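K.L.:
Okay, so here is work33.txt, and as you'll see once you scroll down, it has compact mmCIF, C-alpha atoms.
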# COMPACT_ATOMS: atom_id res chain seq x y z
CA MET A 1 102.08 -62.11 -53.85
CA GLU A 2 103.30 -63.23 -57.24
CA LYS A 3 106.88 -62.58 -56.16
CA GLU A 4 106.44 -64.98 -53.27
CA GLN A 5 105.65 -67.89 -55.50
CA ALA A 6 108.34 -70.15 -56.87
CA LEU A 7 109.59 -69.18 -60.30
CA VAL A 8 111.21 -72.00 -62.19
CA LYS A 9 113.14 -70.74 -65.21
CA GLY A 10 114.74 -73.49 -67.25
CA ASN A 11 115.28 -75.54 -64.09
CA ILE A 12 118.18 -73.30 -62.99
CA PHE A 13 116.37 -70.62 -60.99
CA LYS A 14 114.12 -71.03 -57.98
CA THR A 15 113.60 -67.63 -56.35
CA ASP A 16 110.89 -68.37 -53.78
CA THR A 17 111.44 -67.43 -50.13
CA LYS A 18 111.87 -71.08 -49.11
CA SER A 19 114.86 -71.46 -51.42
CA LEU A 20 116.48 -68.21 -50.24
CA ILE A 21 116.07 -69.02 -46.53
CA GLY A 22 116.99 -72.65 -47.20
CA GLY A 23 120.15 -71.50 -48.94
CA VAL A 24 121.13 -69.38 -45.92
CA ILE A 25 120.41 -72.09 -43.32
CA MET A 26 122.08 -74.86 -45.31
CA GLY A 27 124.97 -72.46 -45.83
CA ILE A 28 125.38 -72.30 -42.05
CA VAL A 29 125.37 -76.13 -41.85
CA PHE A 30 127.98 -76.03 -44.65
CA VAL A 31 130.13 -73.70 -42.49
CA ILE A 32 129.83 -75.95 -39.40
CA ALA A 33 130.79 -79.05 -41.43
CA CYS A 34 133.74 -77.29 -43.08
CA GLN A 35 134.98 -75.91 -39.76
CA ILE A 36 135.00 -79.38 -38.14
CA THR A 37 136.57 -81.12 -41.14
CA GLY A 38 139.15 -78.34 -41.34
CA GLN A 39 140.16 -79.22 -37.77
CA ILE A 40 140.42 -82.91 -38.75
CA ASP A 41 142.66 -82.04 -41.68
CA ASP A 42 144.85 -79.81 -39.52
CA MET A 43 145.67 -82.88 -37.40
CA LEU A 44 146.54 -85.09 -40.37
CA PRO A 45 149.98 -84.99 -42.09
CA THR A 46 148.29 -84.20 -45.43
CA GLY A 47 146.64 -81.17 -43.83
CA LYS A 48 149.97 -79.99 -42.45
CA MET A 49 151.24 -80.05 -46.04
CA GLY A 50 148.31 -77.85 -47.10
CA MET A 51 146.13 -80.62 -48.65
CA TYR A 52 142.68 -80.42 -47.09
CA LEU A 53 141.34 -83.75 -48.37
CA ILE A 54 138.43 -84.37 -45.96
CA ASN A 55 137.54 -80.68 -45.90
CA GLY A 56 137.68 -80.58 -49.70
CA THR A 57 135.40 -83.60 -49.97
CA VAL A 58 132.82 -82.10 -47.59
CA TRP A 59 133.07 -78.76 -49.40
CA ALA A 60 132.38 -80.33 -52.82
CA PHE A 61 129.57 -82.46 -51.37
CA PHE A 62 127.75 -79.52 -49.76
CA THR A 63 128.24 -77.26 -52.79
CA ALA A 64 126.54 -79.83 -55.02
CA LEU A 65 123.88 -80.95 -52.53
CA ILE A 66 122.63 -77.44 -51.70
CA THR A 67 122.55 -76.46 -55.38
CA LEU A 68 120.59 -79.60 -56.25
CA ILE A 69 118.06 -78.92 -53.49
CA TYR A 70 117.61 -75.15 -53.82
CA LYS A 71 118.94 -74.41 -57.36
CA GLN A 72 119.91 -70.73 -57.94
CA PRO A 73 120.25 -68.28 -56.25
CA GLY A 74 119.89 -70.53 -53.16
CA GLY A 75 123.03 -72.47 -54.12
CA ILE A 76 125.15 -69.38 -54.66
CA ILE A 77 123.81 -67.81 -51.43
CA ALA A 78 124.81 -70.91 -49.41
CA ALA A 79 128.19 -71.07 -51.14
CA GLU A 80 128.94 -67.41 -50.48
CA VAL A 81 127.72 -67.66 -46.86
CA GLU A 82 130.30 -70.42 -46.38
CA ALA A 83 133.02 -68.44 -48.16
CA LEU A 84 132.41 -65.26 -46.15
CA VAL A 85 132.01 -66.94 -42.75
CA SER A 86 135.20 -68.95 -43.41
CA VAL A 87 137.02 -65.64 -42.71
CA SER A 88 137.03 -66.83 -39.08
CA TYR A 89 138.96 -70.05 -39.72
CA SER A 90 140.77 -69.92 -43.09
CA PRO A 91 142.95 -67.23 -44.69
CA LEU A 92 142.00 -68.72 -48.09
CA TRP A 93 138.49 -67.22 -47.82
CA VAL A 94 139.23 -64.83 -50.68
CA SER A 95 139.71 -67.75 -53.08
CA PHE A 96 136.69 -69.59 -51.59
CA ILE A 97 134.44 -66.73 -52.79
CA PHE A 98 135.33 -67.53 -56.41
CA ALA A 99 135.73 -71.31 -56.02
CA ASN A 100 132.33 -71.75 -54.32
CA GLY A 101 130.62 -69.48 -56.84
CA ILE A 102 131.98 -71.34 -59.87
CA GLY A 103 131.28 -74.75 -58.28
CA THR A 104 127.63 -74.00 -57.62
CA ILE A 105 127.05 -72.48 -61.10
CA TRP A 106 128.56 -75.61 -62.71
CA VAL A 107 126.24 -77.91 -60.71
CA SER A 108 123.25 -75.77 -61.71
CA ILE A 109 124.11 -76.14 -65.38
CA ILE A 110 124.49 -79.92 -65.08
CA ALA A 111 121.28 -80.22 -63.01
CA ALA A 112 119.39 -78.22 -65.65
CA LYS A 113 120.51 -80.63 -68.39
CA TYR A 114 120.17 -83.94 -66.55
CA ASP A 115 117.71 -85.33 -64.00
CA MET A 116 120.55 -86.29 -61.59
CA THR A 117 119.40 -89.89 -61.17
CA LYS A 118 122.45 -91.66 -62.61
CA TRP A 119 125.99 -91.95 -61.30
CA SER A 120 127.32 -90.34 -64.49
CA HIS A 121 125.31 -87.16 -63.79
CA HIS A 122 126.84 -86.82 -60.32
CA ILE A 123 130.33 -87.66 -61.62
CA LEU A 124 129.99 -84.87 -64.19
CA ALA A 125 128.61 -82.41 -61.62
CA GLN A 126 131.44 -83.13 -59.19
CA ALA A 127 134.05 -82.98 -61.96
CA GLY A 128 133.41 -79.27 -62.40
CA VAL A 129 133.15 -78.56 -58.69
CA CYS A 130 136.35 -80.41 -57.76
CA ILE A 131 138.50 -79.46 -60.75
CA LEU A 132 137.50 -75.79 -61.09
CA GLY A 133 137.17 -75.22 -57.34
CA ASN A 134 140.50 -76.80 -56.45
CA ILE A 135 142.32 -74.97 -59.25
CA ILE A 136 141.04 -71.65 -57.84
CA VAL A 137 142.01 -72.67 -54.30
CA GLY A 138 145.43 -73.71 -55.67
CA ILE A 139 145.86 -70.25 -57.22
CA GLY A 140 144.79 -68.79 -53.87
CA MET A 141 147.45 -70.86 -52.07
CA LEU A 142 150.02 -69.63 -54.55
CA PHE A 143 149.23 -65.95 -53.99
CA ILE A 144 148.11 -65.93 -50.35
CA PHE A 145 150.40 -68.57 -48.78
CA GLY A 146 153.20 -67.83 -51.23
CA ILE A 147 154.06 -71.53 -51.66
CA PRO A 148 156.19 -72.71 -54.64
CA VAL A 149 154.30 -73.23 -57.97
CA ASN A 150 155.19 -76.93 -58.36
CA VAL A 151 153.97 -77.68 -54.82
CA ALA A 152 150.68 -75.88 -55.50
CA ILE A 153 150.15 -77.86 -58.73
CA ILE A 154 150.89 -81.25 -57.11
CA GLU A 155 148.73 -80.48 -54.07
CA THR A 156 145.84 -79.38 -56.33
CA LEU A 157 146.09 -82.57 -58.42
CA ILE A 158 146.14 -84.83 -55.34
CA THR A 159 143.19 -82.96 -53.80
CA ILE A 160 141.17 -83.28 -57.04
CA GLY A 161 142.01 -87.00 -57.27
CA VAL A 162 140.82 -87.70 -53.73
CA THR A 163 137.83 -85.38 -53.43
CA TRP A 164 136.19 -86.09 -56.80
CA PRO A 165 135.23 -89.77 -56.22
CA LEU A 166 134.46 -89.34 -52.51
CA ALA A 167 132.27 -86.28 -53.01
CA THR A 168 130.43 -87.99 -55.91
CA ILE A 169 129.51 -90.99 -53.74
CA LEU A 170 128.46 -88.77 -50.81
CA THR A 171 126.37 -86.43 -52.96
CA LYS A 172 124.44 -89.21 -54.71
CA LYS A 173 123.72 -91.15 -51.52
CA VAL A 174 122.70 -88.12 -49.42
CA TYR A 175 120.71 -86.46 -52.23
CA GLU A 176 118.67 -89.65 -52.66
CA ALA A 177 118.19 -89.94 -48.89
CA VAL A 178 117.03 -86.31 -48.65
CA LYS A 179 114.60 -86.78 -51.56
CA LYS A 180 113.27 -89.96 -49.93
CA SER A 181 112.71 -88.09 -46.64
CA GLY A 182 110.07 -85.92 -48.35
CA LEU A 183 111.51 -82.67 -46.94
CA VAL A 184 112.34 -81.44 -50.44
CA LYS A 185 110.46 -81.86 -53.71
CA MET B 1 137.26 -45.45 -26.61
CA ILE B 2 136.36 -44.82 -30.30
CA ASN B 3 133.00 -46.28 -31.32
CA VAL B 4 133.73 -47.80 -34.75
CA LYS B 5 130.27 -49.41 -34.87
CA GLU B 6 128.76 -45.93 -35.42
CA LEU B 7 130.77 -45.42 -38.62
CA ASP B 8 129.10 -45.96 -41.99
CA PRO B 9 129.57 -49.59 -43.17
CA ARG B 10 130.89 -48.35 -46.54
CA VAL B 11 133.89 -46.70 -44.82
CA LYS B 12 134.65 -49.92 -42.92
CA LEU B 13 134.27 -52.03 -46.07
CA THR B 14 136.59 -49.71 -48.02
CA TRP B 15 139.20 -49.97 -45.25
CA CYS B 16 138.82 -53.77 -45.14
CA LEU B 17 139.20 -54.03 -48.93
CA PHE B 18 142.21 -51.70 -48.78
CA LEU B 19 143.91 -54.03 -46.26
CA ILE B 20 143.13 -57.20 -48.23
CA LEU B 21 144.01 -55.89 -51.69
CA THR B 22 147.21 -54.22 -50.44
CA ALA B 23 148.28 -57.44 -48.69
CA LEU B 24 147.62 -59.43 -51.89
CA VAL B 25 149.48 -57.00 -54.16
CA SER B 26 152.36 -56.09 -51.84
CA GLN B 27 155.64 -57.98 -52.06
CA SER B 28 157.17 -56.04 -49.17
CA MET B 29 157.45 -57.47 -45.69
CA VAL B 30 157.56 -53.93 -44.25
CA GLN B 31 154.29 -52.92 -45.94
CA ASN B 32 152.49 -56.01 -44.65
CA GLY B 33 154.01 -55.48 -41.21
CA VAL B 34 152.72 -51.88 -41.16
CA LEU B 35 149.23 -53.05 -42.17
CA LEU B 36 149.22 -55.66 -39.39
CA PHE B 37 150.38 -52.98 -36.93
CA CYS B 38 147.49 -50.73 -38.08
CA ILE B 39 144.99 -53.54 -37.41
CA VAL B 40 146.40 -54.10 -33.91
CA VAL B 41 146.41 -50.34 -33.12
CA ILE B 42 142.78 -49.98 -34.30
CA GLU B 43 141.79 -52.96 -32.17
CA ILE B 44 143.45 -51.47 -29.07
CA MET B 45 141.95 -48.02 -29.76
CA THR B 46 138.43 -49.39 -30.22
CA GLN B 47 138.30 -52.35 -27.84
CA LYS B 48 141.13 -51.55 -25.37
CA SER B 49 142.22 -55.21 -25.59
CA LEU B 50 143.25 -57.83 -28.13
CA GLN B 51 140.89 -60.46 -26.70
CA ARG B 52 138.81 -60.62 -29.92
CA LEU B 53 141.86 -61.50 -32.02
CA LYS B 54 143.14 -64.21 -29.66
CA VAL B 55 141.43 -67.26 -31.25
CA PRO B 56 142.08 -66.12 -34.87
CA ALA B 57 145.72 -65.51 -33.91
CA ILE B 58 146.05 -69.13 -32.69
CA LEU B 59 144.55 -70.41 -35.96
CA LEU B 60 146.88 -68.14 -37.93
CA LEU B 61 149.89 -69.54 -36.07
CA LEU B 62 148.72 -73.03 -37.06
CA VAL B 63 148.42 -72.05 -40.74
CA GLY B 64 151.71 -70.14 -40.43
CA SER B 65 153.42 -73.35 -39.25
CA GLN B 66 152.05 -75.13 -42.36
CA ILE B 67 153.49 -72.40 -44.59
CA LEU B 68 156.82 -72.74 -42.80
CA ILE B 69 156.90 -76.55 -43.30
CA ILE B 70 155.99 -76.28 -47.00
CA ASN B 71 158.62 -73.57 -47.64
CA LEU B 72 161.21 -75.50 -45.61
CA LEU B 73 160.69 -78.69 -47.62
CA PHE B 74 159.93 -77.34 -51.07
CA GLY B 75 161.17 -73.71 -51.15
CA ARG B 76 163.94 -73.17 -53.68
CA ALA B 77 164.66 -69.46 -53.15
CA GLY B 78 168.09 -68.29 -51.96
CA THR B 79 171.26 -70.35 -51.53
CA LEU B 80 171.47 -74.04 -50.62
CA LEU B 81 172.03 -74.44 -46.87
CA PHE B 82 171.64 -78.16 -46.38
CA SER B 83 171.10 -81.21 -48.56
CA TRP B 84 170.44 -84.82 -47.62
CA GLY B 85 168.90 -87.24 -50.10
CA PHE B 86 165.80 -85.64 -51.62
CA LEU B 87 165.68 -83.04 -48.85
CA SER B 88 167.22 -79.66 -49.75
CA ILE B 89 166.88 -76.58 -47.56
CA TYR B 90 167.42 -73.15 -49.09
CA SER B 91 168.09 -69.87 -47.29
CA GLY B 92 164.97 -68.14 -48.65
CA PHE B 93 162.50 -70.31 -46.75
CA ILE B 94 162.32 -68.11 -43.63
CA SER B 95 161.61 -64.86 -45.50
CA ALA B 96 159.00 -66.61 -47.72
CA ALA B 97 157.28 -68.09 -44.64
CA ILE B 98 157.29 -64.75 -42.76
CA MET B 99 155.90 -62.99 -45.84
CA GLY B 100 153.16 -65.62 -46.16
CA PHE B 101 152.33 -65.38 -42.45
CA LEU B 102 152.11 -61.57 -42.53
CA ARG B 103 149.88 -61.70 -45.63
CA ILE B 104 147.42 -64.24 -44.17
CA SER B 105 147.36 -62.28 -40.89
CA VAL B 106 146.40 -59.03 -42.62
CA ILE B 107 143.80 -60.74 -44.86
CA SER B 108 142.16 -62.65 -41.99
CA LEU B 109 142.37 -60.11 -39.16
CA GLY B 110 141.26 -57.22 -41.41
CA ALA B 111 138.15 -59.14 -42.45
CA ILE B 112 137.44 -60.32 -38.88
CA GLN B 113 137.71 -56.74 -37.63
CA PHE B 114 135.20 -55.62 -40.30
CA ALA B 115 132.80 -58.47 -39.44
CA CYS B 116 133.00 -57.76 -35.68
CA ASN B 117 132.60 -53.98 -36.02
CA THR B 118 129.74 -53.98 -38.52
CA ASP B 119 126.15 -54.74 -37.66
CA ALA B 120 124.44 -57.23 -40.01
CA THR B 121 121.50 -54.82 -40.48
CA ASP B 122 123.94 -52.07 -41.53
CA ILE B 123 125.38 -54.41 -44.18
CA ALA B 124 121.82 -55.12 -45.41
CA GLN B 125 121.15 -51.37 -45.63
CA MET B 126 124.43 -50.88 -47.48
CA LEU B 127 123.38 -53.53 -50.03
CA ILE B 128 119.96 -51.87 -50.41
CA LYS B 129 121.73 -48.54 -51.11
CA TRP B 130 123.56 -50.42 -53.88
CA HIS B 131 120.15 -51.36 -55.35
CA VAL B 132 120.20 -55.00 -54.22
CA PRO B 133 116.52 -56.01 -53.71
CA TYR B 134 115.79 -56.13 -49.97
CA ARG B 135 114.62 -59.78 -50.18
CA TYR B 136 118.27 -60.63 -50.91
CA ALA B 137 119.92 -57.93 -48.78
CA MET B 138 118.03 -59.09 -45.67
CA LEU B 139 119.67 -62.52 -45.95
CA VAL B 140 122.73 -61.05 -44.18
CA PRO B 141 120.87 -60.37 -40.88
CA ILE B 142 119.06 -63.71 -41.31
CA THR B 143 122.45 -65.47 -41.50
CA ALA B 144 123.59 -63.67 -38.33
CA ARG B 145 120.33 -64.62 -36.60
CA PHE B 146 120.35 -68.30 -37.57
CA PHE B 147 124.05 -69.01 -36.99
CA PRO B 148 123.70 -69.55 -33.19
CA VAL B 149 120.44 -71.46 -33.80
CA MET B 150 122.15 -73.99 -36.07
CA VAL B 151 125.18 -74.29 -33.77
CA ASN B 152 122.77 -75.10 -30.92
CA GLU B 153 121.03 -77.66 -33.14
CA TYR B 154 124.38 -79.31 -33.77
CA LYS B 155 125.12 -79.30 -30.02
CA SER B 156 121.72 -80.85 -29.25
CA ILE B 157 122.42 -83.65 -31.78
CA CYS B 158 125.78 -84.25 -30.08
CA ASP B 159 124.05 -84.27 -26.67
CA SER B 160 121.51 -86.82 -27.86
CA HIS B 161 124.40 -88.99 -29.09
CA SER B 162 126.04 -88.67 -25.65
CA VAL B 163 122.83 -89.81 -23.96
CA ARG B 164 122.88 -92.93 -26.17
CA GLY B 165 126.40 -93.72 -24.97
CA VAL B 166 128.53 -92.05 -27.69
CA PRO B 167 130.58 -89.35 -25.90
CA CYS B 168 130.85 -86.03 -27.74
CA ASP B 169 132.84 -83.69 -25.49
CA THR B 170 136.40 -83.40 -26.80
CA VAL B 171 137.49 -82.25 -30.27
CA MET B 172 138.49 -85.83 -31.17
CA GLU B 173 135.06 -87.14 -30.16
CA HIS B 174 133.35 -84.40 -32.19
CA ILE B 175 135.46 -85.41 -35.17
CA LYS B 176 134.65 -89.12 -34.72
CA ASN B 177 130.91 -88.42 -34.50
CA LEU B 178 130.81 -86.04 -37.44
CA PRO B 179 129.37 -88.47 -40.05
CA ALA B 180 126.63 -89.57 -37.65
CA ALA B 181 125.78 -85.96 -36.74
CA MET B 182 125.74 -84.48 -40.25
CA LEU B 183 122.68 -86.17 -41.75
CA PRO B 184 120.38 -85.32 -38.80
CA LEU B 185 121.74 -81.76 -38.96
CA ILE B 186 120.88 -81.54 -42.67
CA TYR B 187 117.34 -82.83 -41.95
CA ARG B 188 116.90 -80.32 -39.12
CA ALA B 189 118.19 -77.50 -41.34
CA LEU B 190 115.68 -78.42 -44.05
CA ARG B 191 112.85 -78.46 -41.53
CA ILE B 192 113.90 -75.17 -39.92
CA SER B 193 114.22 -73.47 -43.33
CA ASN B 194 110.69 -74.64 -44.26
CA ASP B 195 109.27 -73.26 -40.99
CA ALA B 196 111.27 -70.01 -41.11
CA SER B 197 110.37 -69.23 -44.73
CA LEU B 198 106.70 -69.84 -44.06
CA SER B 199 106.69 -67.64 -40.97
CA ILE B 200 108.51 -64.70 -42.63
CA GLU B 201 106.24 -64.93 -45.66
CA LEU B 202 103.24 -64.69 -43.34
CA ARG B 203 104.78 -61.52 -41.87
CA GLY B 204 104.85 -59.93 -45.34
CA TYR B 205 108.47 -60.57 -46.43
CA GLY B 206 108.78 -59.37 -50.02
CA ARG B 207 105.21 -57.98 -50.07
CA TYR B 208 106.44 -54.44 -50.90
CA ASP B 209 109.41 -53.32 -52.97
CA THR B 210 110.94 -51.21 -50.19
CA ARG B 211 111.51 -51.69 -46.50
CA SER B 212 112.05 -49.27 -43.63
CA PHE B 213 114.69 -49.53 -40.88
CA ASN B 214 114.79 -48.28 -37.30
CA LYS B 215 118.19 -46.68 -37.78
CA PRO B 216 118.87 -45.79 -41.43
CA ILE B 217 122.52 -45.37 -42.44
CA GLU B 218 123.71 -42.02 -43.78
CA MET B 219 127.20 -41.16 -44.93
CA SER B 220 128.66 -37.91 -43.58
CA THR B 221 131.08 -35.64 -45.50
CA PHE B 222 133.91 -36.78 -43.23
CA GLU B 223 133.17 -40.42 -44.08
CA GLY B 224 133.05 -39.63 -47.81
CA ILE B 225 136.47 -37.93 -47.59
CA ALA B 226 137.81 -40.92 -45.62
CA ILE B 227 136.72 -43.32 -48.41
CA LEU B 228 138.35 -41.07 -51.02
CA LEU B 229 141.62 -40.93 -49.05
CA ILE B 230 141.69 -44.73 -48.65
CA ILE B 231 141.18 -45.19 -52.42
CA ILE B 232 143.96 -42.65 -53.18
CA ALA B 233 146.27 -44.44 -50.70
CA TYR B 234 145.56 -47.79 -52.39
CA ILE B 235 146.23 -46.45 -55.90
CA SER B 236 149.48 -44.83 -54.68
CA LEU B 237 150.64 -48.10 -53.08
CA LEU B 238 149.70 -50.03 -56.22
CA LEU B 239 151.68 -47.65 -58.44
CA TYR B 240 154.62 -47.77 -55.99
CA THR B 241 154.58 -51.60 -56.05
CA VAL B 242 154.30 -51.86 -59.85
CA PHE B 243 156.76 -49.16 -60.93
CA LEU B 244 159.34 -48.96 -58.13
Kindly return the structure encoded in the file as structure tokens.
P.N.:
Amino acid sequence: MEKEQALVKGNIFKTDTKSLIGGVIMGIVFVIACQITGQIDDMLPTGKMGMYLINGTVWAFFTALITLIYKQPGGIIAAEVEALVSVSYSPLWVSFIFANGIGTIWVSIIAAKYDMTKWSHHILAQAGVCILGNIIVGIGMLFIFGIPVNVAIIETLITIGVTWPLATILTKKVYEAVKKSGLVK
Amino acid sequence: MINVKELDPRVKLTWCLFLILTALVSQSMVQNGVLLFCIVVIEIMTQKSLQRLKVPAILLLLVGSQILIINLLFGRAGTLLFSWGFLSIYSGFISAAIMGFLRISVISLGAIQFACNTDATDIAQMLIKWHVPYRYAMLVPITARFFPVMVNEYKSICDSHSVRGVPCDTVMEHIKNLPAAMLPLIYRALRISNDASLSIELRGYGRYDTRSFNKPIEMSTFEGIAILLIIIAYISLLLYTVFL
């Protein structure tokens, strides 16, 4: 039964069953949220231009929140569940596999170094998620959609600029609310 | 009707990867068109209808229209057709948009076909054959099992909002109620994951290093040859694209 117990290695890994199952179930919530916000973005003019601002914010928020709650491999499981299920609603799913993976690893590294109680910790965590993730999605747009390079660069920069602050605020507020609820330690 | 579900998941995965990687590498509209035709033919041969691809096709048309708008406004390939102020339309925008649409269609429909034709337990068995510990491999069937559960949870939250006088029937209403529905959904997910992990642990999940299955997957010689042929076809197409 030793394998069943939580193993905390340098505050990055948490391989107990609760974290694995939690990663899967929160990954499904992640998919539902991204699917709905994707629909919102499709209706907005920014979405029609390929900039998924609300969807990008929710994506960055969930990537960080799930990693903070379940660490690794729960975070990467949730992120990859979202990336693979997004096959059904986004052709960019190939780039999501890499973007989600890098985003969650970055948050793990930051969460291992800091206690995630200050705004600066969340700003730093979201910096990696939004910048690295959106660059990968931008590369995906370039290769998959075949859009011009300058358009991809501008769209990526705008998306980073909007999603970074919004996702930071959301992550800090919700993470504190979830901790206060007592459902996670 | 051909029963694709009986095929080994490794054959289906190889075919799916062949479609995706070829679509990503290929710069030819004809090649992507042929791949899309193959997907449609397989769907008709196996399902006798295109019903399963109807909703993804609508979504692809939506994304295709976005690609068309972006290429129309910002595409600079070909000769200048029209110019007014900052707006310049070049002749290459239609071919770029069609190419983009064909590529996203192959990537999405190929993956959807693989997901629909492959049982989640077969994918878990495939991962176990690749020496992934079964505690991790079994997360694939768990995802498939819990997806409808979480969708129903989301619907029940929306219903409880409706009872309190906040309608949640149309897409617009769902969108408006999203912030109010998300936090309860996160709380429910945390509670469900606590309960589910406890109950599967009590049933001995992870107690032993191996796990048995009702219907173990085995690859036949024919399936092995099929994988080999798909790999050869991909390498040939790659060489053709790079050198010719």
K.L.:
Quick one: residues within 12 Å of B:Leu87, only C-alpha atoms counted, chain neighbours fewer than 2 positions away excluded, as a list of chain:residue names?
P.N.:
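Answer for this query is B:Ile70, B:Asn71, B:Leu72, B:Leu73, B:Phe74, B:Gly75, B:Arg76, B:Leu80, B:Leu81, B:Phe82, B:Ser83, B:Trp84, B:Gly85, B:Ile89, B:Tyr90.
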K.L.:
Okay, now the selection with C-alpha atoms, as a compact mmCIF listing (two decimals), in the coordinates of the input?
P.N.:
# COMPACT_ATOMS: atom_id res chain seq x y z
CA ILE B 70 155.99 -76.28 -47.00
CA ASN B 71 158.62 -73.57 -47.64
CA LEU B 72 161.21 -75.50 -45.61
CA LEU B 73 160.69 -78.69 -47.62
CA PHE B 74 159.93 -77.34 -51.07
CA GLY B 75 161.17 -73.71 -51.15
CA ARG B 76 163.94 -73.17 -53.68
CA LEU B 80 171.47 -74.04 -50.62
CA LEU B 81 172.03 -74.44 -46.87
CA PHE B 82 171.64 -78.16 -46.38
CA SER B 83 171.10 -81.21 -48.56
CA TRP B 84 170.44 -84.82 -47.62
CA GLY B 85 168.90 -87.24 -50.10
CA ILE B 89 166.88 -76.58 -47.56
CA TYR B 90 167.42 -73.15 -49.09
K.L.:
Write out as JSON, numbers by chain each polymer residue whose atoms come within 10 Å of stretch 20-23 of chain B, counting all atoms listed in the file; drop sequence neighbours fewer than 3 positions from it.
P.N.:
{"A": [94, 144], "B": [14, 15, 16, 17, 26, 27, 28, 29, 31, 32, 33, 35, 36, 99, 100, 102, 103, 104, 105, 106, 107, 108, 109, 110, 111, 233, 234, 235, 237, 238, 241]}
K.L.:
Store the residues picked out above, limited to C-alpha atoms, as a PDB file, keeping the file's coordinate frame.
P.N.:
ATOM      1  CA  VAL A  94     139.230 -64.830 -50.680  1.00  0.00           C
ATOM      2  CA  ILE A 144     148.110 -65.930 -50.350  1.00  0.00           C
TER       3      ILE A 144
ATOM      4  CA  THR B  14     136.590 -49.710 -48.020  1.00  0.00           C
ATOM      5  CA  TRP B  15     139.200 -49.970 -45.250  1.00  0.00           C
ATOM      6  CA  CYS B  16     138.820 -53.770 -45.140  1.00  0.00           C
ATOM      7  CA  LEU B  17     139.200 -54.030 -48.930  1.00  0.00           C
ATOM      8  CA  SER B  26     152.360 -56.090 -51.840  1.00  0.00           C
ATOM      9  CA  GLN B  27     155.640 -57.980 -52.060  1.00  0.00           C
ATOM     10  CA  SER B  28     157.170 -56.040 -49.170  1.00  0.00           C
ATOM     11  CA  MET B  29     157.450 -57.470 -45.690  1.00  0.00           C
ATOM     12  CA  GLN B  31     154.290 -52.920 -45.940  1.00  0.00           C
ATOM     13  CA  ASN B  32     152.490 -56.010 -44.650  1.00  0.00           C
ATOM     14  CA  GLY B  33     154.010 -55.480 -41.210  1.00  0.00           C
ATOM     15  CA  LEU B  35     149.230 -53.050 -42.170  1.00  0.00           C
ATOM     16  CA  LEU B  36     149.220 -55.660 -39.390  1.00  0.00           C
ATOM     17  CA  MET B  99     155.900 -62.990 -45.840  1.00  0.00           C
ATOM     18  CA  GLY B 100     153.160 -65.620 -46.160  1.00  0.00           C
ATOM     19  CA  LEU B 102     152.110 -61.570 -42.530  1.00  0.00           C
ATOM     20  CA  ARG B 103     149.880 -61.700 -45.630  1.00  0.00           C
ATOM     21  CA  ILE B 104     147.420 -64.240 -44.170  1.00  0.00           C
ATOM     22  CA  SER B 105     147.360 -62.280 -40.890  1.00  0.00           C
ATOM     23  CA  VAL B 106     146.400 -59.030 -42.620  1.00  0.00           C
ATOM     24  CA  ILE B 107     143.800 -60.740 -44.860  1.00  0.00           C
ATOM     25  CA  SER B 108     142.160 -62.650 -41.990  1.00  0.00           C
ATOM     26  CA  LEU B 109     142.370 -60.110 -39.160  1.00  0.00           C
ATOM     27  CA  GLY B 110     141.260 -57.220 -41.410  1.00  0.00           C
ATOM     28  CA  ALA B 111     138.150 -59.140 -42.450  1.00  0.00           C
ATOM     29  CA  ALA B 233     146.270 -44.440 -50.700  1.00  0.00           C
ATOM     30  CA  TYR B 234     145.560 -47.790 -52.390  1.00  0.00           C
ATOM     31  CA  ILE B 235     146.230 -46.450 -55.900  1.00  0.00           C
ATOM     32  CA  LEU B 237     150.640 -48.100 -53.080  1.00  0.00           C
ATOM     33  CA  LEU B 238     149.700 -50.030 -56.220  1.00  0.00           C
ATOM     34  CA  THR B 241     154.580 -51.600 -56.050  1.00  0.00           C
TER      35      THR B 241
END
K.L.:
Check the smallest atom-to-atom distance from each of B:Ile217, B:Val149, B:Val30, B:Asp119 to B:Ile98 using all atoms listed in the file, then report the winner.
P.N.:
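Ranked by minimum distance to B:Ile98, first place goes to B:Val30.
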K.L.:
Between atom CA of B:Ser220 and atom CA of B:Lys48, what distance in Å does the model show, to one decimal?
P.N.:
25.9 Å
K.L.:
In Å, how far is it from atom CA of B:Ile128 to atom CA of B:Pro9?
P.N.:
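Distance reported for this atom pair: 12.2 Å.
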K.L.:
Would you place a box with edges along x, y and z of the file around all atoms of stretch 8-19 of chain B listed there, add 5 Å to each of its six sides, and report the centre and edge lengths in Å to one decimal, as lines of an AutoDock Vina configuration file?
P.N.:
center_x = 136.5
center_y = -50.0
center_z = -45.5
size_x = 24.8
size_y = 18.1
size_z = 16.9
K.L.:
Atom CA of B:Asn3 to atom CA of B:Asn117: how many Å, to one decimal?
P.N.:
9.0 Å
K.L.:
Return the single residue from B:Arg188, B:Arg10, B:Arg211, B:Arg203 that is closest to B:Glu223, with distances computed using only C-alpha atoms.
P.N.:
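Looking at the shortest contact to B:Glu223, the residue is B:Arg10.
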K.L.:
Of the candidates A:Gly133, A:Lys180, A:Gln126, A:Glu155, which one gets nearest to A:Leu65 if we count only C-alpha atoms?
P.N.:
A:Gln126
K.L.:
Just the residues within 12 Å of B:Pro216, please, counting all atoms listed in the file, with nothing from its chain fewer than 4 positions along; format it as a PyMOL selection string.
P.N.:
chain B and resi 6+8-9+121-126+128-129+211-212
K.L.:
Skipping near chain neighbours, those fewer than 2 positions away, what residues fall within 12 Å of A:Gly101 using all atoms listed in the file, listed as a ChimeraX atom specification?
P.N.:
/A:60,63-64,67,72-84,94-99,103-108,128-129,132-133,136
